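Asks: Sharing my_file-v9.cif here; it has mmCIF, C-alpha atoms.
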data_protein
#
loop_
_atom_site.group_PDB
_atom_site.id
_atom_site.type_symbol
_atom_site.label_atom_id
_atom_site.label_comp_id
_atom_site.auth_asym_id
_atom_site.auth_seq_id
_atom_site.Cartn_x
_atom_site.Cartn_y
_atom_site.Cartn_z
ATOM 1 C CA MET A 1 0.000 0.000 0.000
ATOM 2 C CA PRO A 2 1.557 3.373 -1.051
ATOM 3 C CA GLY A 3 2.699 5.684 1.692
ATOM 4 C CA HIS A 4 2.757 9.452 1.993
ATOM 5 C CA PRO A 5 3.310 11.222 -1.410
ATOM 6 C CA ARG A 6 6.562 12.795 -0.204
ATOM 7 C CA ALA A 7 7.787 9.418 1.067
ATOM 8 C CA GLU A 8 6.864 7.803 -2.245
ATOM 9 C CA ALA A 9 8.817 10.481 -4.088
ATOM 10 C CA PHE A 10 11.903 9.730 -1.960
ATOM 11 C CA LYS A 11 11.417 6.029 -2.647
ATOM 12 C CA ALA A 12 11.249 6.645 -6.405
ATOM 13 C CA GLU A 13 14.530 8.590 -6.238
ATOM 14 C CA GLY A 14 16.064 5.795 -4.193
ATOM 15 C CA ASN A 15 14.983 3.232 -6.776
ATOM 16 C CA LYS A 16 16.738 5.221 -9.531
ATOM 17 C CA TYR A 17 19.954 5.326 -7.509
ATOM 18 C CA PHE A 18 19.635 1.600 -6.789
ATOM 19 C CA LYS A 19 19.291 0.746 -10.485
ATOM 20 C CA SER A 20 22.351 2.838 -11.298
ATOM 21 C CA GLY A 21 24.406 1.105 -8.602
ATOM 22 C CA ASP A 22 24.700 4.144 -6.335
ATOM 23 C CA TYR A 23 23.621 2.267 -3.228
ATOM 24 C CA LYS A 24 24.718 4.846 -0.665
ATOM 25 C CA SER A 25 22.631 7.541 -2.294
ATOM 26 C CA ALA A 26 19.735 5.116 -2.527
ATOM 27 C CA ILE A 27 20.040 4.402 1.193
ATOM 28 C CA SER A 28 19.895 8.133 1.913
ATOM 29 C CA LYS A 29 16.652 8.471 -0.042
ATOM 30 C CA TYR A 30 15.062 5.428 1.571
ATOM 31 C CA LYS A 31 15.976 6.858 4.970
ATOM 32 C CA GLU A 32 14.208 10.091 4.029
ATOM 33 C CA ALA A 33 11.168 8.030 3.012
ATOM 34 C CA THR A 34 11.114 6.223 6.360
ATOM 35 C CA ALA A 35 11.480 9.530 8.194
ATOM 36 C CA VAL A 36 8.247 10.670 6.555
ATOM 37 C CA ASP A 37 6.401 7.366 6.930
ATOM 38 C CA PRO A 38 8.114 4.569 8.921
ATOM 39 C CA ASN A 39 5.153 2.198 8.550
ATOM 40 C CA VAL A 40 5.694 1.249 4.910
ATOM 41 C CA PRO A 41 7.751 -1.981 4.890
ATOM 42 C CA ALA A 42 8.963 -1.574 1.295
ATOM 43 C CA TYR A 43 11.122 1.437 2.252
ATOM 44 C CA TRP A 44 12.948 -0.596 4.892
ATOM 45 C CA SER A 45 13.180 -3.640 2.622
ATOM 46 C CA ASN A 46 14.758 -1.624 -0.196
ATOM 47 C CA MET A 47 17.163 -0.039 2.277
ATOM 48 C CA ALA A 48 18.140 -3.524 3.503
ATOM 49 C CA ALA A 49 18.769 -4.604 -0.102
ATOM 50 C CA CYS A 50 21.154 -1.667 -0.533
ATOM 51 C CA TYR A 51 23.075 -2.552 2.618
ATOM 52 C CA GLU A 52 23.419 -6.098 1.299
ATOM 53 C CA LYS A 53 25.008 -4.755 -1.876
ATOM 54 C CA ILE A 54 27.690 -2.868 0.090
ATOM 55 C CA GLY A 55 28.220 -5.573 2.704
ATOM 56 C CA GLY A 56 26.731 -3.633 5.603
ATOM 57 C CA TYR A 57 25.092 -6.621 7.256
ATOM 58 C CA ASP A 58 24.617 -5.055 10.692
ATOM 59 C CA GLU A 59 22.714 -2.199 9.090
ATOM 60 C CA MET A 60 20.893 -4.657 6.833
ATOM 61 C CA GLU A 61 19.731 -6.562 9.905
ATOM 62 C CA ASP A 62 18.470 -3.354 11.537
ATOM 63 C CA ALA A 63 16.599 -2.327 8.379
ATOM 64 C CA ALA A 64 15.075 -5.790 8.021
ATOM 65 C CA ARG A 65 13.874 -5.788 11.628
ATOM 66 C CA SER A 66 12.328 -2.352 11.085
ATOM 67 C CA CYS A 67 10.656 -3.743 7.966
ATOM 68 C CA ILE A 68 9.077 -6.568 9.981
ATOM 69 C CA LYS A 69 8.071 -4.118 12.708
ATOM 70 C CA ALA A 70 6.320 -1.980 10.093
ATOM 71 C CA ASP A 71 4.345 -4.959 8.762
ATOM 72 C CA LYS A 72 4.668 -8.453 10.230
ATOM 73 C CA SER A 73 2.895 -9.916 7.180
ATOM 74 C CA PHE A 74 5.464 -8.497 4.715
ATOM 75 C CA VAL A 75 7.333 -11.716 3.934
ATOM 76 C CA LYS A 76 10.279 -10.105 2.189
ATOM 77 C CA GLY A 77 11.290 -8.572 5.532
ATOM 78 C CA TYR A 78 11.951 -12.046 6.935
ATOM 79 C CA PHE A 79 13.962 -12.961 3.860
ATOM 80 C CA ARG A 80 16.091 -9.809 4.234
ATOM 81 C CA LEU A 81 16.627 -10.526 7.929
ATOM 82 C CA ALA A 82 17.578 -14.155 7.262
ATOM 83 C CA THR A 83 20.023 -13.054 4.549
ATOM 84 C CA ALA A 84 21.727 -10.604 6.926
ATOM 85 C CA LEU A 85 21.972 -13.125 9.757
ATOM 86 C CA LYS A 86 23.348 -15.792 7.431
ATOM 87 C CA ALA A 87 26.037 -13.379 6.256
ATOM 88 C CA LYS A 88 26.893 -12.690 9.922
ATOM 89 C CA ASN A 89 27.125 -16.467 10.498
ATOM 90 C CA ASP A 90 24.240 -16.369 12.953
ATOM 91 C CA LEU A 91 22.766 -19.586 11.592
ATOM 92 C CA GLU A 92 20.455 -20.167 14.547
ATOM 93 C CA GLY A 93 18.999 -16.671 14.214
ATOM 94 C CA CYS A 94 18.727 -17.152 10.460
ATOM 95 C CA ILE A 95 16.693 -20.335 10.906
ATOM 96 C CA LYS A 96 14.365 -18.551 13.354
ATOM 97 C CA ALA A 97 13.841 -15.704 10.874
ATOM 98 C CA LEU A 98 13.030 -18.171 8.093
ATOM 99 C CA GLU A 99 10.609 -20.098 10.298
ATOM 100 C CA SER A 100 8.876 -16.853 11.285
ATOM 101 C CA GLY A 101 8.521 -15.955 7.609
ATOM 102 C CA LEU A 102 7.221 -19.402 6.708
ATOM 103 C CA ALA A 103 4.649 -19.074 9.489
ATOM 104 C CA VAL A 104 3.305 -16.100 7.515
ATOM 105 C CA ASP A 105 3.618 -17.724 4.082
ATOM 106 C CA SER A 106 4.393 -21.439 4.217
ATOM 107 C CA ALA A 107 4.637 -21.675 0.402
ATOM 108 C CA ASN A 108 7.199 -18.889 -0.109
ATOM 109 C CA ALA A 109 9.807 -20.330 -2.489
ATOM 110 C CA ASP A 110 12.664 -18.024 -1.431
ATOM 111 C CA LEU A 111 12.261 -18.815 2.257
ATOM 112 C CA LYS A 112 11.911 -22.552 1.639
ATOM 113 C CA ARG A 113 14.973 -22.635 -0.612
ATOM 114 C CA MET A 114 17.118 -20.707 1.871
ATOM 115 C CA LYS A 115 16.010 -22.930 4.743
ATOM 116 C CA LYS A 116 16.876 -26.044 2.742
ATOM 117 C CA ASP A 117 20.307 -24.626 1.818
ATOM 118 C CA LEU A 118 20.950 -23.602 5.420
ATOM 119 C CA THR A 119 19.977 -27.009 6.752
ATOM 120 C CA GLU A 120 22.455 -28.593 4.344
ATOM 121 C CA LEU A 121 25.116 -26.097 5.408
ATOM 122 C CA GLN A 122 24.535 -26.824 9.097
ATOM 123 C CA ARG A 123 24.700 -30.556 8.475
ATOM 124 C CA GLY A 124 27.940 -30.157 6.543
ATOM 125 C CA GLU A 125 29.477 -28.103 9.342
ATOM 126 C CA THR A 126 28.339 -30.602 11.976
ATOM 127 C CA VAL A 127 29.762 -33.528 10.017
ATOM 128 C CA ALA A 128 33.066 -31.675 9.508
ATOM 129 C CA ALA A 129 33.239 -31.045 13.277
ATOM 130 C CA TYR A 130 32.626 -34.751 13.943
ATOM 131 C CA ILE A 131 35.422 -35.677 11.530
ATOM 132 C CA ARG A 132 37.839 -33.287 13.257
ATOM 133 C CA LYS A 133 36.873 -34.737 16.635
ATOM 134 C CA CYS A 134 37.360 -38.267 15.309
ATOM 135 C CA GLU A 135 40.827 -37.353 14.008
ATOM 136 C CA GLU A 136 41.774 -36.002 17.440
ATOM 137 C CA GLN A 137 40.462 -39.113 19.189
ATOM 138 C CA MET A 138 42.422 -41.351 16.824
ATOM 139 C CA ALA A 139 45.568 -39.321 17.448
ATOM 140 C CA ASN A 140 45.064 -39.723 21.206
ATOM 141 C CA GLY A 141 44.509 -43.463 20.913
ATOM 142 C CA ASP A 142 40.808 -43.274 21.816
ATOM 143 C CA ILE A 143 39.650 -45.772 19.205
ATOM 144 C CA ALA A 144 36.321 -46.511 20.938
ATOM 145 C CA GLY A 145 35.527 -42.808 21.168
ATOM 146 C CA ALA A 146 36.475 -42.276 17.532
ATOM 147 C CA PHE A 147 34.209 -45.123 16.421
ATOM 148 C CA LYS A 148 31.283 -43.730 18.429
ATOM 149 C CA THR A 149 31.855 -40.258 16.957
ATOM 150 C CA ILE A 150 31.943 -41.489 13.375
ATOM 151 C CA GLU A 151 28.821 -43.601 13.952
ATOM 152 C CA LEU A 152 26.936 -40.518 15.171
ATOM 153 C CA ALA A 153 28.114 -38.548 12.156
ATOM 154 C CA SER A 154 27.035 -41.322 9.779
ATOM 155 C CA ARG A 155 23.484 -41.119 11.102
ATOM 156 C CA LEU A 156 23.437 -37.443 10.160
ATOM 157 C CA ASP A 157 24.739 -37.877 6.627
ATOM 158 C CA ALA A 158 24.676 -41.480 5.437
ATOM 159 C CA GLY A 159 26.735 -42.077 2.312
ATOM 160 C CA ASN A 160 29.005 -39.065 2.851
ATOM 161 C CA PRO A 161 32.300 -40.062 1.175
ATOM 162 C CA ASP A 162 34.448 -38.310 3.807
ATOM 163 C CA LEU A 163 32.653 -40.201 6.567
ATOM 164 C CA GLU A 164 32.983 -43.489 4.698
ATOM 165 C CA ARG A 165 36.730 -42.945 4.308
ATOM 166 C CA MET A 166 37.070 -42.172 8.008
ATOM 167 C CA MET A 167 34.958 -45.197 8.917
ATOM 168 C CA SER A 168 37.225 -47.425 6.804
ATOM 169 C CA ARG A 169 40.161 -46.247 8.930
ATOM 170 C CA VAL A 170 38.464 -46.457 12.323
ATOM 171 C CA LYS A 171 36.283 -49.551 12.084
ATOM 172 C CA PRO A 172 39.008 -52.207 11.552
ATOM 173 C CA LYS A 173 40.977 -50.890 14.531
ATOM 174 C CA TYR A 174 37.837 -50.756 16.668
ATOM 175 C CA GLU A 175 36.808 -54.299 15.724
ATOM 176 C CA ARG A 176 40.263 -55.676 16.576
ATOM 177 C CA MET A 177 40.244 -53.846 19.899
ATOM 178 C CA GLU A 178 36.694 -55.017 20.646
ATOM 179 C CA ALA A 179 37.534 -58.631 19.814
ATOM 180 C CA GLN A 180 40.488 -58.480 22.196
ATOM 181 C CA ARG A 181 38.371 -56.907 24.922
ATOM 182 C CA ARG A 182 35.590 -59.475 24.576
ATOM 183 C CA SER A 183 38.050 -62.363 24.679
ATOM 184 C CA ASN A 184 38.924 -61.305 28.233
ATOM 185 C CA LEU A 185 35.321 -61.167 29.466
ATOM 186 C CA SER A 186 33.839 -63.650 31.899
ATOM 187 C CA SER A 187 30.883 -65.765 30.733
ATOM 188 C CA ASP A 188 28.526 -63.557 32.779
ATOM 189 C CA GLU A 189 29.900 -60.403 31.192
ATOM 190 C CA VAL A 190 29.440 -62.001 27.775
ATOM 191 C CA GLN A 191 25.748 -62.664 28.529
ATOM 192 C CA LYS A 192 25.296 -59.083 29.667
ATOM 193 C CA GLU A 193 26.932 -57.695 26.526
ATOM 194 C CA LYS A 194 24.827 -59.949 24.305
ATOM 195 C CA GLY A 195 21.850 -58.402 26.056
ATOM 196 C CA ASP A 196 23.222 -54.943 25.313
ATOM 197 C CA ASP A 197 23.602 -55.815 21.627
ATOM 198 C CA ALA A 198 20.044 -57.152 21.461
ATOM 199 C CA PHE A 199 18.736 -54.019 23.184
ATOM 200 C CA LYS A 200 20.468 -51.766 20.639
ATOM 201 C CA ASN A 201 18.718 -53.739 17.901
ATOM 202 C CA ALA A 202 15.335 -53.319 19.654
ATOM 203 C CA GLN A 203 15.170 -57.079 20.377
ATOM 204 C CA PHE A 204 13.937 -56.470 23.907
ATOM 205 C CA GLU A 205 12.679 -59.945 24.755
ATOM 206 C CA VAL A 206 15.943 -61.491 23.507
ATOM 207 C CA ALA A 207 17.867 -58.977 25.604
ATOM 208 C CA ILE A 208 15.795 -59.916 28.669
ATOM 209 C CA GLU A 209 16.793 -63.562 28.217
ATOM 210 C CA TYR A 210 20.502 -62.689 28.187
ATOM 211 C CA TYR A 211 20.244 -60.380 31.203
ATOM 212 C CA SER A 212 18.277 -63.047 33.069
ATOM 213 C CA LYS A 213 20.953 -65.666 32.348
ATOM 214 C CA CYS A 214 23.610 -63.278 33.603
ATOM 215 C CA LEU A 215 21.662 -62.538 36.795
ATOM 216 C CA SER A 216 20.865 -66.202 37.498
ATOM 217 C CA SER A 217 24.539 -67.109 37.183
ATOM 218 C CA LEU A 218 25.592 -64.235 39.450
ATOM 219 C CA GLN A 219 23.000 -65.253 42.033
ATOM 220 C CA ARG A 220 24.355 -68.838 42.097
ATOM 221 C CA GLN A 221 27.807 -67.404 42.746
ATOM 222 C CA GLY A 222 26.600 -65.162 45.559
ATOM 223 C CA LYS A 223 27.247 -62.009 43.473
ATOM 224 C CA SER A 224 23.697 -60.661 43.380
ATOM 225 C CA MET A 225 24.840 -57.252 44.584
ATOM 226 C CA SER A 226 27.875 -56.880 42.327
ATOM 227 C CA ASP A 227 28.305 -53.972 39.897
ATOM 228 C CA LEU A 228 27.647 -56.344 36.999
ATOM 229 C CA ALA A 229 24.375 -57.478 38.580
ATOM 230 C CA MET A 230 23.286 -53.862 39.078
ATOM 231 C CA LYS A 231 23.973 -53.089 35.405
ATOM 232 C CA ALA A 232 22.048 -56.180 34.300
ATOM 233 C CA HIS A 233 19.090 -55.276 36.521
ATOM 234 C CA SER A 234 19.111 -51.690 35.245
ATOM 235 C CA ASN A 235 19.300 -52.754 31.598
ATOM 236 C CA ARG A 236 16.648 -55.431 32.020
ATOM 237 C CA ALA A 237 14.382 -52.815 33.610
ATOM 238 C CA ALA A 238 14.852 -50.687 30.473
ATOM 239 C CA CYS A 239 13.774 -53.673 28.356
ATOM 240 C CA TYR A 240 10.740 -54.324 30.533
ATOM 241 C CA LYS A 241 9.783 -50.665 30.182
ATOM 242 C CA GLN A 242 9.889 -50.971 26.395
ATOM 243 C CA ILE A 243 7.394 -53.851 26.425
ATOM 244 C CA SER A 244 5.242 -52.262 29.190
ATOM 245 C CA ASN A 245 6.022 -54.955 31.762
ATOM 246 C CA PHE A 246 5.729 -52.507 34.655
ATOM 247 C CA ASP A 247 5.966 -55.156 37.380
ATOM 248 C CA GLY A 248 9.298 -56.262 35.908
ATOM 249 C CA VAL A 249 10.527 -52.672 35.858
ATOM 250 C CA ILE A 250 9.558 -52.193 39.509
ATOM 251 C CA GLU A 251 11.274 -55.419 40.592
ATOM 252 C CA ASP A 252 14.562 -54.705 38.796
ATOM 253 C CA CYS A 253 14.690 -51.037 39.821
ATOM 254 C CA THR A 254 14.007 -52.017 43.427
ATOM 255 C CA ALA A 255 16.943 -54.449 43.269
ATOM 256 C CA VAL A 256 19.179 -51.590 42.115
ATOM 257 C CA LEU A 257 17.847 -49.195 44.757
ATOM 258 C CA GLU A 258 18.501 -51.668 47.560
ATOM 259 C CA VAL A 259 22.200 -51.296 46.734
ATOM 260 C CA ASP A 260 22.176 -47.690 45.517
ATOM 261 C CA PRO A 261 19.198 -45.831 47.094
ATOM 262 C CA GLU A 262 19.917 -42.592 45.190
ATOM 263 C CA ASN A 263 20.223 -44.106 41.715
ATOM 264 C CA VAL A 264 18.367 -41.477 39.675
ATOM 265 C CA LYS A 265 17.716 -43.674 36.652
ATOM 266 C CA ALA A 266 16.208 -46.449 38.789
ATOM 267 C CA LEU A 267 14.038 -44.022 40.777
ATOM 268 C CA VAL A 268 12.682 -42.367 37.628
ATOM 269 C CA ARG A 269 12.000 -45.678 35.887
ATOM 270 C CA ARG A 270 10.317 -47.114 38.954
ATOM 271 C CA ALA A 271 8.157 -44.004 39.347
ATOM 272 C CA GLN A 272 7.045 -44.308 35.729
ATOM 273 C CA ALA A 273 6.256 -47.989 36.271
ATOM 274 C CA PHE A 274 4.336 -47.263 39.491
ATOM 275 C CA GLU A 275 2.280 -44.729 37.560
ATOM 276 C CA GLY A 276 1.700 -47.345 34.856
ATOM 277 C CA VAL A 277 0.150 -49.722 37.402
ATOM 278 C CA GLU A 278 -1.777 -46.863 39.076
ATOM 279 C CA ARG A 279 0.247 -46.894 42.295
ATOM 280 C CA TYR A 280 0.386 -43.124 42.239
ATOM 281 C CA ARG A 281 1.498 -42.450 45.805
ATOM 282 C CA PHE A 282 4.519 -44.707 45.407
ATOM 283 C CA ALA A 283 5.345 -42.989 42.116
ATOM 284 C CA LEU A 284 5.081 -39.579 43.782
ATOM 285 C CA GLN A 285 7.378 -40.704 46.593
ATOM 286 C CA ASP A 286 10.123 -41.706 44.124
ATOM 287 C CA ILE A 287 9.725 -38.480 42.140
ATOM 288 C CA LYS A 288 9.987 -36.334 45.270
ATOM 289 C CA MET A 289 13.166 -38.136 46.221
ATOM 290 C CA VAL A 290 14.717 -37.328 42.832
ATOM 291 C CA LEU A 291 13.656 -33.659 43.021
ATOM 292 C CA ALA A 292 15.236 -33.363 46.482
ATOM 293 C CA MET A 293 18.655 -34.289 45.065
ATOM 294 C CA PRO A 294 21.226 -31.753 43.784
ATOM 295 C CA GLY A 295 20.479 -30.585 40.248
ATOM 296 C CA ALA A 296 23.913 -31.608 38.998
ATOM 297 C CA LYS A 297 23.242 -35.198 40.039
ATOM 298 C CA VAL A 298 19.761 -35.314 38.516
ATOM 299 C CA GLY A 299 20.428 -33.510 35.236
ATOM 300 C CA LYS A 300 18.174 -30.905 33.616
ATOM 301 C CA SER A 301 16.167 -33.270 31.404
ATOM 302 C CA ASN A 302 15.417 -35.607 34.318
ATOM 303 C CA TYR A 303 14.584 -32.686 36.579
ATOM 304 C CA ASP A 304 12.147 -31.171 34.048
ATOM 305 C CA MET A 305 10.483 -34.534 33.439
ATOM 306 C CA CYS A 306 10.168 -35.267 37.174
ATOM 307 C CA ASN A 307 8.774 -31.811 37.817
ATOM 308 C CA MET A 308 6.025 -32.403 35.265
ATOM 309 C CA MET A 309 5.370 -35.870 36.690
ATOM 310 C CA GLN A 310 5.077 -34.435 40.195
ATOM 311 C CA HIS A 311 2.407 -31.952 39.095
ATOM 312 C CA ARG A 312 0.518 -34.679 37.235
ATOM 313 C CA LEU A 313 0.731 -37.163 40.100
ATOM 314 C CA ASN A 314 -0.273 -34.565 42.700
ATOM 315 C CA ARG A 315 -3.409 -33.810 40.671
ATOM 316 C CA THR A 316 -4.198 -37.509 40.351
ATOM 317 C CA VAL A 317 -3.704 -38.168 44.071
ATOM 318 C CA GLN A 318 -5.878 -35.186 44.980
ATOM 319 C CA GLN A 319 -8.613 -36.347 42.604
ATOM 320 C CA LEU A 320 -8.499 -39.824 44.156
ATOM 321 C CA LYS A 321 -8.784 -38.315 47.654
ATOM 322 C CA ALA A 322 -11.737 -36.189 46.565
ATOM 323 C CA GLY A 323 -13.414 -39.233 45.032
ATOM 324 C CA ASN A 324 -13.093 -41.187 48.283
ATOM 325 C CA CYS A 325 -14.688 -38.458 50.383
#
Please express what this file holds, its structure, as structure tokens.

Replies:
Amino acid sequence: MPGHPRAEAFKAEGNKYFKSGDYKSAISKYKEATAVDPNVPAYWSNMAACYEKIGGYDEMEDAARSCIKADKSFVKGYFRLATALKAKNDLEGCIKALESGLAVDSANADLKRMKKDLTELQRGETVAAYIRKCEEQMANGDIAGAFKTIELASRLDAGNPDLERMMSRVKPKYERMEAQRRSNLSSDEVQKEKGDDAFKNAQFEVAIEYYSKCLSSLQRQGKSMSDLAMKAHSNRAACYKQISNFDGVIEDCTAVLEVDPENVKALVRRAQAFEGVERYRFALQDIKMVLAMPGAKVGKSNYDMCNMMQHRLNRTVQQLKAGNC
């Protein structure tokens, strides 16, 4: 929508300067237009385009933000802002600007194309960082760490030739090291690791069988409270959780907590299982115990989840009390 006649006249002069390549003069005219009428987004957008031409990305960002302020539905303002932030290497801010623009016009080709390009750029940078980290780990003799790093990177960009080359260097060394390590394991440790492998492949019932064999053997040897037994109980509880066997989760987590009463993972899992079998007061008791621990021990994600569970469980307990009155 056209602005004030004087502002439009300044804009027309600015457009002539822009076409002739005199971007600084164009900026001056667009500024005069905005001084007369700051609510026309096109003045700010054109000014931002000029700043892009001369590499003034801070000023381009300011102009683009003023453009959006003038009219939040003017999609080109978001494109200008994203362009400025990308040039300033503020990729997170750039993505936010693009998403804000796409919320206004989800079909905008320019915004969609830039977001796709940026996503590819971010993935490339992440993969390159993983490769550098892997190189450092290899140089420091951390073969297991290097293998884990390159596996994570491969999930981000499967088929990447650089990752495949790195994997061809790391994997043989890791497999030799792993074979040597496994050859020194006890039979109980072997059962536990077979359970771990099955768990990673989402074969939860198979994993339960291996963990159970490990635990039965340890019990016969009088090692029911050993570190290995605690790991097997914890991992079997995770399997039981996956197949919604809440009684199994409660039993295994309780076995862990008898040895380690402040085991956060066991308390959280048991609380979730108690909730699953509608034993809400017991669930609330475990959750309160976790929330009473130092934040560094609990971790932010666990703390946030437990906080939400506490509110939910408190409501449920109160509703049950009210229903019994």

Asks: Could you state which residues are captured by the PyMOL selection byres ((chain A and resi 277) around 12) in this file, as a list in words?

Replies: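 Against this file, the PyMOL selection byres ((chain A and resi 277) around 12) returns the residues Ser244, Asn245, Phe246, Asp247, Gly248, Val249, Ile250, Arg270, Ala271, Gln272, Ala273, Phe274, Glu275, Gly276, Glu278, Arg279, Tyr280, Arg281, Phe282 and Ala283 of chain A.
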
Asks: Could you write out the selected residues, including C-alpha atoms, as an mmCIF file, in the frame of the given file?

Replies:
data_model
loop_
_atom_site.group_PDB
_atom_site.id
_atom_site.type_symbol
_atom_site.label_atom_id
_atom_site.label_comp_id
_atom_site.auth_asym_id
_atom_site.auth_seq_id
_atom_site.Cartn_x
_atom_site.Cartn_y
_atom_site.Cartn_z
ATOM 1 C CA SER A 244 5.242 -52.262 29.190
ATOM 2 C CA ASN A 245 6.022 -54.955 31.762
ATOM 3 C CA PHE A 246 5.729 -52.507 34.655
ATOM 4 C CA ASP A 247 5.966 -55.156 37.380
ATOM 5 C CA GLY A 248 9.298 -56.262 35.908
ATOM 6 C CA VAL A 249 10.527 -52.672 35.858
ATOM 7 C CA ILE A 250 9.558 -52.193 39.509
ATOM 8 C CA ARG A 270 10.317 -47.114 38.954
ATOM 9 C CA ALA A 271 8.157 -44.004 39.347
ATOM 10 C CA GLN A 272 7.045 -44.308 35.729
ATOM 11 C CA ALA A 273 6.256 -47.989 36.271
ATOM 12 C CA PHE A 274 4.336 -47.263 39.491
ATOM 13 C CA GLU A 275 2.280 -44.729 37.560
ATOM 14 C CA GLY A 276 1.700 -47.345 34.856
ATOM 15 C CA GLU A 278 -1.777 -46.863 39.076
ATOM 16 C CA ARG A 279 0.247 -46.894 42.295
ATOM 17 C CA TYR A 280 0.386 -43.124 42.239
ATOM 18 C CA ARG A 281 1.498 -42.450 45.805
ATOM 19 C CA PHE A 282 4.519 -44.707 45.407
ATOM 20 C CA ALA A 283 5.345 -42.989 42.116
#

Asks: Go through A:Arg123, A:Arg169, A:Lys76, A:Lys69 and flag the residue nearest A:Arg155, using all atoms listed in the file for the distances.

Replies: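 Going through A:Arg123, A:Arg169, A:Lys76, A:Lys69 one by one, the smallest distance to A:Arg155 is for A:Arg123.
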
Asks: Could you list as number ranges by chain every residue that has an atom within 12 Å of (27.3, -15.0, 6.5), using the file's coordinates and counting all atoms listed in the file?

Replies: A: 52, 55-58, 61, 81-94, 118, 121

Asks: Axis-aligned box over every listed atom of stretch 97-109 of chain A, padded by 3 Å per side: centre and edges in Å to one decimal, as JSON?

Replies:
{"center_x": 8.6, "center_y": -18.7, "center_z": 4.4, "size_x": 16.5, "size_y": 12.0, "size_z": 19.8}

Asks: Need the shell around A:Ala70: protein/DNA/RNA residues with any atom at most 10 Å away, counting all atoms listed in the file. Skip same-chain ones fewer than 6 positions apart. Format as a list in words?

Replies: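 What passes the distance filter is Asp37, Pro38, Asn39, Val40, Pro41, Ala42, Tyr43, Trp44, Ala64 and Gly77 of chain A.
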
Asks: Using only C-alpha atoms, pick whichever of A:Asp110, A:Asp260, A:Glu32, A:Glu135 has the shortest atom-to-atom distance to A:Ala9.

Replies: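 Answer, going by the shortest atom-to-atom distance: A:Glu32.
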
Asks: Got a sec: who's within 10 Å of A:Lys171, counting all atoms listed in the file, leaving out chain neighbours fewer than 5 positions off, as a ChimeraX atom specification?

Replies: /A:143-144,146-148,150-151,166,176-177

Asks: Write the selection just made, keeping C-alpha atoms, as a CSV table (one decimal), in the coordinates of the input?

Replies:
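That gives us result_32.csv:
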chain,number,residue,atom,x,y,z
A,143,ILE,CA,39.6,-45.8,19.2
A,144,ALA,CA,36.3,-46.5,20.9
A,146,ALA,CA,36.5,-42.3,17.5
A,147,PHE,CA,34.2,-45.1,16.4
A,148,LYS,CA,31.3,-43.7,18.4
A,150,ILE,CA,31.9,-41.5,13.4
A,151,GLU,CA,28.8,-43.6,14.0
A,166,MET,CA,37.1,-42.2,8.0
A,176,ARG,CA,40.3,-55.7,16.6
A,177,MET,CA,40.2,-53.8,19.9

Asks: What residues come out when you apply the PyMOL selection byres ((chain A and resi 236) around 8) to this file, written as a list of chain:residue names?

Replies: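 So the PyMOL selection byres ((chain A and resi 236) around 8) ends up selecting A:Ala207, A:Ile208, A:Tyr211, A:Ser212, A:Ala232, A:His233, A:Ser234, A:Asn235, A:Ala237, A:Ala238, A:Cys239, A:Tyr240, A:Val249, A:Asp252.
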
Asks: Find, counting only C-alpha atoms, the residue in A:Tyr51, A:Tyr17, A:Tyr210, A:Tyr78 that gets nearest to A:Lys112.

Replies: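 Closest candidate: A:Tyr78.
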
Asks: Mind pulling up the distance from atom CA of A:Gln242 to atom CA of A:Lys213?

Replies: 19.3 Å

Asks: Please evaluate the PyMOL selection byres ((chain A and resi 310) around 10) against the structure above and give the resulting residues as JSON, numbers by chain.

Replies: {"A": [283, 284, 285, 286, 287, 288, 291, 304, 305, 306, 307, 308, 309, 311, 312, 313, 314, 315, 316]}

Asks: Store the residues of this selection in a file with C-alpha atoms, as an mmCIF file, in the frame of the given file.

Replies:
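Listed below is the output, result-v8.cif:
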data_model
loop_
_atom_site.group_PDB
_atom_site.id
_atom_site.type_symbol
_atom_site.label_atom_id
_atom_site.label_comp_id
_atom_site.auth_asym_id
_atom_site.auth_seq_id
_atom_site.Cartn_x
_atom_site.Cartn_y
_atom_site.Cartn_z
ATOM 1 C CA ALA A 283 5.345 -42.989 42.116
ATOM 2 C CA LEU A 284 5.081 -39.579 43.782
ATOM 3 C CA GLN A 285 7.378 -40.704 46.593
ATOM 4 C CA ASP A 286 10.123 -41.706 44.124
ATOM 5 C CA ILE A 287 9.725 -38.480 42.140
ATOM 6 C CA LYS A 288 9.987 -36.334 45.270
ATOM 7 C CA LEU A 291 13.656 -33.659 43.021
ATOM 8 C CA ASP A 304 12.147 -31.171 34.048
ATOM 9 C CA MET A 305 10.483 -34.534 33.439
ATOM 10 C CA CYS A 306 10.168 -35.267 37.174
ATOM 11 C CA ASN A 307 8.774 -31.811 37.817
ATOM 12 C CA MET A 308 6.025 -32.403 35.265
ATOM 13 C CA MET A 309 5.370 -35.870 36.690
ATOM 14 C CA HIS A 311 2.407 -31.952 39.095
ATOM 15 C CA ARG A 312 0.518 -34.679 37.235
ATOM 16 C CA LEU A 313 0.731 -37.163 40.100
ATOM 17 C CA ASN A 314 -0.273 -34.565 42.700
ATOM 18 C CA ARG A 315 -3.409 -33.810 40.671
ATOM 19 C CA THR A 316 -4.198 -37.509 40.351
#

Asks: Please list as a list in words every residue within 12 Å of A:Phe10, counting all atoms listed in the file and excluding residues in the same chain fewer than 3 positions away.

Replies: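 So the residues in contact are Gly3, His4, Pro5, Arg6, Ala7, Glu13, Gly14, Asn15, Lys16, Tyr17, Ser25, Ala26, Ile27, Ser28, Lys29, Tyr30, Lys31, Glu32, Ala33, Thr34, Ala35, Val36, Asp37, Tyr43, Asn46 and Met47 of chain A.
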